[in-house]
$ cat final_12.cif   # mmCIF, C-alpha atoms
data_my_file
loop_
_atom_site.label_atom_id
_atom_site.label_comp_id
_atom_site.auth_asym_id
_atom_site.auth_seq_id
_atom_site.Cartn_x
_atom_site.Cartn_y
_atom_site.Cartn_z
CA ASP A 90 39.38 188.48 6.99
CA ALA A 91 40.57 190.57 9.91
CA GLY A 92 38.40 188.67 12.35
CA VAL A 93 36.94 190.66 15.22
CA THR A 94 38.38 194.17 15.49
CA GLN A 95 38.11 196.39 18.55
CA SER A 96 38.98 200.01 19.09
CA PRO A 97 40.68 201.65 20.80
CA THR A 98 43.27 199.20 22.13
CA HIS A 99 43.97 201.23 25.26
CA LEU A 100 42.07 203.97 27.03
CA ILE A 101 42.57 205.97 30.20
CA LYS A 102 39.58 207.72 31.72
CA THR A 103 38.87 209.63 34.90
CA ARG A 104 36.37 208.42 37.48
CA GLY A 105 32.89 209.71 36.67
CA GLN A 106 33.52 210.02 32.94
CA GLN A 107 31.80 208.10 30.18
CA VAL A 108 33.46 205.78 27.65
CA THR A 109 32.49 204.16 24.35
CA LEU A 110 34.20 201.04 23.03
CA ARG A 111 33.73 199.73 19.51
CA CYS A 112 33.66 196.32 17.88
CA SER A 113 33.39 195.02 14.34
CA PRO A 114 32.45 191.34 14.15
CA LYS A 115 34.03 188.73 11.95
CA SER A 116 32.66 188.64 8.42
CA GLY A 117 29.58 186.43 8.31
CA HIS A 118 28.82 186.83 12.01
CA ASP A 119 25.70 188.69 13.10
CA THR A 120 25.84 188.35 16.89
CA VAL A 121 28.10 190.36 19.16
CA SER A 122 28.78 189.70 22.82
CA TRP A 123 30.76 191.79 25.28
CA TYR A 124 32.83 190.48 28.16
CA GLN A 125 34.72 192.15 30.99
CA GLN A 126 37.96 190.56 32.12
CA ALA A 127 39.39 191.88 35.35
CA LEU A 128 42.99 191.13 36.22
CA GLY A 129 43.44 187.50 37.22
CA GLN A 130 39.87 186.59 36.36
CA GLY A 131 38.10 184.85 33.52
CA PRO A 132 35.94 186.89 31.15
CA GLN A 133 32.51 187.80 32.53
CA PHE A 134 29.50 188.17 30.26
CA ILE A 135 28.09 191.71 30.01
CA PHE A 136 25.49 191.43 27.25
CA GLN A 137 24.79 190.16 23.76
CA TYR A 138 23.30 191.85 20.70
CA TYR A 139 21.52 190.32 17.75
CA GLU A 140 19.32 192.07 15.19
CA GLU A 141 20.14 195.39 16.89
CA GLU A 142 18.53 194.26 20.16
CA GLU A 143 20.00 193.27 23.49
CA ARG A 144 19.17 189.58 23.78
CA GLN A 145 20.84 188.61 27.02
CA ARG A 146 22.41 190.48 29.88
CA GLY A 147 24.77 189.44 32.60
CA ASN A 148 24.95 190.78 36.13
CA PHE A 149 26.09 194.31 35.27
CA PRO A 150 24.47 197.61 36.31
CA ASP A 151 22.56 199.88 33.96
CA ARG A 152 25.66 202.06 33.65
CA PHE A 153 26.69 199.50 31.06
CA SER A 154 24.73 199.86 27.84
CA GLY A 155 25.23 198.93 24.26
CA HIS A 156 24.12 199.24 20.72
CA GLN A 157 24.29 197.23 17.53
CA PHE A 158 24.20 198.81 14.11
CA PRO A 159 22.68 197.44 10.87
CA ASN A 160 26.14 196.36 9.71
CA TYR A 161 26.37 194.20 12.90
CA SER A 162 29.08 196.33 14.51
CA SER A 163 28.54 197.19 18.13
CA GLU A 164 29.36 199.73 20.84
CA LEU A 165 29.70 199.30 24.57
CA ASN A 166 29.04 202.41 26.65
CA VAL A 167 29.89 202.77 30.31
CA ASN A 168 28.65 205.83 32.22
CA ALA A 169 29.83 207.25 35.54
CA LEU A 170 33.03 205.26 35.48
CA LEU A 171 34.27 203.69 38.70
CA LEU A 172 37.79 202.59 39.54
CA GLY A 173 36.46 199.02 39.54
CA ASP A 174 35.54 199.30 35.87
CA SER A 175 39.24 199.08 35.01
CA ALA A 176 39.55 195.88 33.00
CA LEU A 177 40.07 194.35 29.59
CA TYR A 178 36.85 194.52 27.58
CA LEU A 179 36.48 191.76 25.04
CA CYS A 180 34.14 191.60 22.10
CA ALA A 181 33.17 188.22 20.67
CA SER A 182 31.17 187.41 17.58
CA SER A 183 29.36 184.37 16.26
CA PRO A 184 26.52 183.44 13.95
CA TRP A 185 23.27 183.61 15.90
CA GLY A 186 22.38 180.31 17.52
CA ARG A 187 25.80 178.81 16.89
CA VAL A 188 27.48 179.32 20.25
CA ALA A 189 28.15 175.59 20.38
CA PHE A 190 30.68 176.18 17.62
CA GLY A 191 32.53 178.76 19.68
CA TYR A 192 33.03 182.48 19.60
CA THR A 193 35.67 184.50 17.79
CA PHE A 194 37.21 187.02 20.15
CA GLY A 195 38.79 190.37 19.51
CA SER A 196 42.05 191.39 21.13
CA GLY A 197 40.25 193.67 23.56
CA THR A 198 40.27 197.24 24.83
CA ARG A 199 42.26 197.85 28.00
CA LEU A 200 40.35 200.46 30.04
CA THR A 201 42.08 202.14 32.96
CA VAL A 202 40.01 204.37 35.23
CA VAL A 203 42.01 206.77 37.39
CA ALA B 142 23.24 178.82 38.56
CA GLN B 143 25.86 177.47 36.26
CA ARG B 144 29.44 177.65 37.42
CA VAL B 145 32.87 176.64 36.14
CA THR B 146 35.72 175.92 38.52
CA GLN B 147 39.37 175.68 37.58
CA PRO B 148 41.09 174.82 40.85
CA GLU B 149 44.67 175.52 39.73
CA LYS B 150 45.68 179.10 38.98
CA LEU B 151 49.20 178.04 38.06
CA LEU B 152 50.57 174.75 36.73
CA SER B 153 54.17 174.00 35.80
CA VAL B 154 55.08 170.87 33.89
CA PHE B 155 58.35 169.65 32.41
CA LYS B 156 58.62 169.32 28.65
CA GLY B 157 57.65 165.81 27.58
CA ALA B 158 55.63 165.15 30.74
CA PRO B 159 51.85 164.64 30.70
CA VAL B 160 49.58 167.63 31.25
CA GLU B 161 46.17 167.72 32.90
CA LEU B 162 44.27 170.96 33.46
CA LYS B 163 41.24 170.49 35.65
CA CYS B 164 37.77 171.87 35.04
CA ASN B 165 34.64 171.15 37.04
CA TYR B 166 31.23 172.53 36.23
CA SER B 167 27.83 172.99 37.78
CA TYR B 168 24.96 172.75 35.31
CA SER B 169 21.52 171.20 35.27
CA GLY B 170 21.19 169.45 31.96
CA SER B 171 23.45 168.11 29.27
CA PRO B 172 26.29 170.60 28.94
CA GLU B 173 28.36 171.64 26.00
CA LEU B 174 31.83 172.67 27.12
CA PHE B 175 34.79 174.44 25.64
CA TRP B 176 38.44 175.01 26.29
CA TYR B 177 39.78 178.40 25.21
CA VAL B 178 43.47 179.28 25.14
CA GLN B 179 45.35 182.57 25.18
CA TYR B 180 48.98 182.48 24.12
CA SER B 181 51.27 185.34 25.06
CA ARG B 182 50.29 188.56 23.28
CA GLN B 183 47.54 186.81 21.33
CA ARG B 184 43.77 186.93 21.57
CA LEU B 185 41.59 184.39 23.28
CA GLN B 186 40.88 181.54 20.89
CA LEU B 187 38.88 178.35 20.88
CA LEU B 188 41.02 175.28 21.51
CA LEU B 189 38.47 172.51 21.44
CA ARG B 190 34.78 171.74 21.87
CA HIS B 191 33.16 168.86 23.67
CA ILE B 192 30.65 168.27 20.88
CA SER B 193 33.27 167.62 18.23
CA ARG B 194 35.27 165.02 20.22
CA GLU B 195 38.38 166.32 18.51
CA SER B 196 42.05 166.45 19.36
CA ILE B 197 43.68 169.80 18.78
CA LYS B 198 47.44 170.30 19.11
CA GLY B 199 47.52 166.95 20.89
CA PHE B 200 45.01 168.04 23.53
CA THR B 201 41.86 166.09 24.32
CA ALA B 202 39.09 166.62 26.85
CA ASP B 203 36.51 164.12 28.00
CA LEU B 204 33.21 165.04 29.59
CA ASN B 205 32.59 163.06 32.76
CA LYS B 206 29.01 163.72 33.78
CA GLY B 207 29.32 161.66 36.94
CA GLU B 208 32.19 163.79 38.22
CA THR B 209 30.93 166.94 36.39
CA SER B 210 34.39 167.41 34.95
CA PHE B 211 35.91 168.34 31.61
CA HIS B 212 39.64 168.03 32.20
CA LEU B 213 42.08 168.96 29.42
CA LYS B 214 44.86 166.47 28.79
CA LYS B 215 47.96 166.07 26.67
CA PRO B 216 50.31 163.08 26.93
CA PHE B 217 53.55 164.95 26.18
CA ALA B 218 53.88 168.66 26.92
CA GLN B 219 55.66 170.97 24.47
CA GLU B 220 57.14 174.39 25.19
CA GLU B 221 54.63 176.06 22.87
CA ASP B 222 51.81 174.85 25.13
CA SER B 223 52.70 177.53 27.66
CA ALA B 224 49.61 179.74 27.80
CA MET B 225 46.52 180.69 29.79
CA TYR B 226 43.73 178.12 29.53
CA TYR B 227 40.05 178.78 30.25
CA CYS B 228 37.26 176.28 30.55
CA ALA B 229 33.86 177.66 29.45
CA LEU B 230 30.23 176.59 29.63
CA PRO B 231 27.49 177.97 27.35
CA GLY B 232 24.14 178.96 28.81
CA GLY B 233 22.23 176.14 27.20
CA GLY B 234 19.22 176.25 24.96
CA PHE B 235 18.76 178.11 21.71
CA GLY B 236 19.24 181.82 22.24
CA ASN B 237 20.97 181.42 25.60
CA GLU B 238 24.43 181.95 24.31
CA LYS B 239 26.45 183.52 27.05
CA LEU B 240 29.61 181.73 28.10
CA THR B 241 30.50 181.25 31.73
CA PHE B 242 34.28 181.08 32.08
CA GLY B 243 36.44 179.66 34.80
CA THR B 244 39.17 181.80 36.32
CA GLY B 245 41.80 180.16 34.14
CA THR B 246 44.98 178.16 34.64
CA ARG B 247 48.35 179.49 33.58
CA LEU B 248 50.34 176.58 32.20
CA THR B 249 54.11 176.90 32.07
CA ILE B 250 56.18 174.24 30.35
CA ILE B 251 59.66 173.95 31.81
CA PRO B 252 62.31 173.15 29.16
#

$ encode --input "final_12.cif" --output "structure tokens"
Amino acid sequence: DAGVTQSPTHLIKTRGQQVTLRCSPKSGHDTVSWYQQALGQGPQFIFQYYEEEERQRGNFPDRFSGHQFPNYSSELNVNALLLGDSALYLCASSPWGRVAFGYTFGSGTRLTVV
Amino acid sequence: AQRVTQPEKLLSVFKGAPVELKCNYSYSGSPELFWYVQYSRQRLQLLLRHISRESIKGFTADLNKGETSFHLKKPFAQEEDSAMYYCALPGGGFGNEKLTFGTGTRLTIIP
């Protein structure tokens, strides 16, 4: 089992552009969460998807949107990129309702906005 | 609002010495807490959970509700313990599954 896989690993975008990040959850997991980790900070919750619906959302603007597919994989889209969006974006998966058992994290996508 | 505070950004400890990484939380209710660890060039991974009362790699953490703390401890540090450590608090309640992370403590074990 490859665990949680994210693509791409690195990405450079220009301010104002749009970006799509992808995540495949660990086998057996049906819930995907996205986190943003700025340099020197802990991960911050963006949103969570289960049954192809956004279930929870953190304090992020509408420029951040997502999607979950029937095979449980997920995309994170960010529109109108700002320099401040530069960060490591982490995907985490778990079985729904089992957060008390911990998430499995991917290795992340490093987004640089120039 | 729930909050997790890790007061030390950096902590250096000699090999064989005891380690304590501090975590304080703000939460109304009975919290479940985690410690996550990130070794160099590896992904963030779960180290231990409050609910399982376990010891992983010699680390333990005790929930102190009076002091709202969940400090991570190890009696004798090893060089392979050098890593970034994050304390995390789930939202609470079924379906509220977001994790609130602290800012992390970088632990360096001095040989």

$ atom_distance --input "final_12.cif" --atom1 "CA of Ser167 (chain B)" --atom2 "CA of Gly173 (chain A)"
27.5 Å

$ resolve_selection --input "final_12.cif" --expression "the PyMOL selection byres ((chain A) within 12 of (chain B))" --output "ChimeraX atom specification"
/A:92-95,120-139,143-148,177-198

$ atom_distance --input "final_12.cif" --atom1 "CA of Asp151 (chain A)" --atom2 "CA of Thr146 (chain B)"
27.7 Å

$ closest_residue --input "final_12.cif" --among "A:Leu100, A:Leu171, A:Leu200, A:Leu165" --to "Ser113 (chain A)" --atoms "only C-alpha atoms"
A:Leu165

$ residues_around --input "final_12.cif" --residues "Glu221 (chain B)" --least-positions-apart "3" --cutoff "10 Å" --atoms "only C-alpha atoms" --output "PyMOL selection string"
chain B and resi 156+180+198+218+224+249-250

$ atom_distance --input "final_12.cif" --atom1 "CA of Gly199 (chain B)" --atom2 "CA of Glu149 (chain B)"
20.9 Å

$ closest_residue --input "final_12.cif" --among "B:Val154, B:Gln143, B:Ser171, B:Val160" --to "Pro252 (chain B)" --atoms "all atoms listed in the file"
B:Val154

$ closest_residue --input "final_12.cif" --among "A:Gln107, A:Ser116, A:Ser154, A:Thr201" --to "Leu170 (chain A)" --atoms "all atoms listed in the file"
A:Gln107

$ axis_aligned_box --input "final_12.cif" --around "region 172-189 of chain B" --padding-each-side "6 Å" --output "AutoDock Vina command-line options"
--center_x 38.8 --center_y 179.6 --center_z 24.9 --size_x 37.0 --size_y 30.0 --size_z 20.1

$ resolve_selection --input "final_12.cif" --expression "the PyMOL selection byres ((chain A and resi 103) around 8)" --output "list in words"
Ile101, Lys102, Arg104, Gly105, Gln106, Leu170, Val202 and Val203 of chain A

$ closest_residue --input "final_12.cif" --among "A:Thr109, A:Asn160, A:Asn168, A:Ser175" --to "Pro97 (chain A)" --atoms "only C-alpha atoms"
A:Thr109

$ residues_around --input "final_12.cif" --residues "Leu213 (chain B)" --least-positions-apart "2" --cutoff "7 Å" --atoms "all atoms listed in the file" --output "list in words"
Glu161, Leu162, Lys163, Phe200, Thr201, Ala202 and Phe211 of chain B

$ write_last_selection --input "final_12.cif" --atoms "C-alpha atoms" --output "mmCIF file, in the frame of the given file"
data_model
loop_
_atom_site.group_PDB
_atom_site.id
_atom_site.type_symbol
_atom_site.label_atom_id
_atom_site.label_comp_id
_atom_site.auth_asym_id
_atom_site.auth_seq_id
_atom_site.Cartn_x
_atom_site.Cartn_y
_atom_site.Cartn_z
ATOM 1 C CA GLU B 161 46.170 167.720 32.900
ATOM 2 C CA LEU B 162 44.270 170.960 33.460
ATOM 3 C CA LYS B 163 41.240 170.490 35.650
ATOM 4 C CA PHE B 200 45.010 168.040 23.530
ATOM 5 C CA THR B 201 41.860 166.090 24.320
ATOM 6 C CA ALA B 202 39.090 166.620 26.850
ATOM 7 C CA PHE B 211 35.910 168.340 31.610
#

$ residues_around --input "final_12.cif" --residues "Ala158 (chain B)" --least-positions-apart "3" --cutoff "9 Å" --atoms "all atoms listed in the file" --output "NGL selection string"
:B and (154-155 or 215-219)

$ decode --input "final_12.cif" --residues "region 143-160 of chain B" --atoms "N, CA, C and O atoms" --output "JSON list (two decimals), in the first residue's frame"
[["chain", "number", "residue", "atom", "x", "y", "z"],
["B", 143, "GLN", "N", -10.88, 26.34, 19.91],
["B", 143, "GLN", "CA", -9.83, 25.47, 20.38],
["B", 143, "GLN", "C", -8.48, 25.96, 19.88],
["B", 143, "GLN", "O", -8.37, 26.53, 18.80],
["B", 144, "ARG", "N", -7.48, 25.73, 20.71],
["B", 144, "ARG", "CA", -6.15, 26.23, 20.40],
["B", 144, "ARG", "C", -5.12, 25.28, 20.99],
["B", 144, "ARG", "O", -5.33, 24.68, 22.04],
["B", 145, "VAL", "N", -4.00, 25.15, 20.31],
["B", 145, "VAL", "CA", -2.88, 24.33, 20.79],
["B", 145, "VAL", "C", -1.64, 25.21, 20.82],
["B", 145, "VAL", "O", -1.32, 25.86, 19.83],
["B", 146, "THR", "N", -0.95, 25.19, 21.94],
["B", 146, "THR", "CA", 0.24, 26.03, 22.09],
["B", 146, "THR", "C", 1.44, 25.15, 22.39],
["B", 146, "THR", "O", 1.43, 24.35, 23.32],
["B", 147, "GLN", "N", 2.46, 25.31, 21.59],
["B", 147, "GLN", "CA", 3.75, 24.66, 21.85],
["B", 147, "GLN", "C", 4.74, 25.80, 22.07],
["B", 147, "GLN", "O", 5.15, 26.46, 21.12],
["B", 148, "PRO", "N", 5.11, 26.06, 23.30],
["B", 148, "PRO", "CA", 5.86, 27.28, 23.61],
["B", 148, "PRO", "C", 7.30, 27.29, 23.11],
["B", 148, "PRO", "O", 7.88, 28.35, 22.95],
["B", 149, "GLU", "N", 7.87, 26.13, 22.85],
["B", 149, "GLU", "CA", 9.28, 26.06, 22.42],
["B", 149, "GLU", "C", 9.35, 25.75, 20.93],
["B", 149, "GLU", "O", 8.88, 24.70, 20.49],
["B", 150, "LYS", "N", 9.96, 26.67, 20.17],
["B", 150, "LYS", "CA", 10.15, 26.39, 18.75],
["B", 150, "LYS", "C", 11.33, 25.44, 18.56],
["B", 150, "LYS", "O", 11.32, 24.61, 17.66],
["B", 151, "LEU", "N", 12.34, 25.61, 19.40],
["B", 151, "LEU", "CA", 13.55, 24.80, 19.29],
["B", 151, "LEU", "C", 13.88, 24.22, 20.67],
["B", 151, "LEU", "O", 13.73, 24.91, 21.68],
["B", 152, "LEU", "N", 14.36, 22.97, 20.68],
["B", 152, "LEU", "CA", 14.78, 22.34, 21.92],
["B", 152, "LEU", "C", 15.98, 21.44, 21.61],
["B", 152, "LEU", "O", 15.89, 20.59, 20.73],
["B", 153, "SER", "N", 17.06, 21.67, 22.33],
["B", 153, "SER", "CA", 18.25, 20.84, 22.16],
["B", 153, "SER", "C", 18.53, 20.08, 23.45],
["B", 153, "SER", "O", 18.52, 20.69, 24.53],
["B", 154, "VAL", "N", 18.77, 18.80, 23.31],
["B", 154, "VAL", "CA", 18.97, 17.93, 24.47],
["B", 154, "VAL", "C", 20.14, 17.00, 24.18],
["B", 154, "VAL", "O", 20.29, 16.51, 23.05],
["B", 155, "PHE", "N", 20.95, 16.73, 25.19],
["B", 155, "PHE", "CA", 22.05, 15.79, 25.00],
["B", 155, "PHE", "C", 21.53, 14.35, 24.96],
["B", 155, "PHE", "O", 20.55, 14.00, 25.64],
["B", 156, "LYS", "N", 22.20, 13.54, 24.17],
["B", 156, "LYS", "CA", 21.88, 12.12, 24.11],
["B", 156, "LYS", "C", 21.93, 11.52, 25.50],
["B", 156, "LYS", "O", 22.87, 11.77, 26.26],
["B", 157, "GLY", "N", 20.89, 10.73, 25.83],
["B", 157, "GLY", "CA", 20.82, 10.10, 27.13],
["B", 157, "GLY", "C", 20.12, 10.93, 28.19],
["B", 157, "GLY", "O", 19.77, 10.41, 29.25],
["B", 158, "ALA", "N", 19.89, 12.20, 27.91],
["B", 158, "ALA", "CA", 19.20, 13.08, 28.86],
["B", 158, "ALA", "C", 17.69, 12.94, 28.67],
["B", 158, "ALA", "O", 17.22, 12.51, 27.61],
["B", 159, "PRO", "N", 16.91, 13.34, 29.68],
["B", 159, "PRO", "CA", 15.44, 13.28, 29.51],
["B", 159, "PRO", "C", 14.95, 14.38, 28.58],
["B", 159, "PRO", "O", 15.55, 15.45, 28.46],
["B", 160, "VAL", "N", 13.83, 14.08, 27.90],
["B", 160, "VAL", "CA", 13.22, 15.01, 26.96],
["B", 160, "VAL", "C", 11.80, 15.31, 27.42],
["B", 160, "VAL", "O", 11.07, 14.41, 27.83]]
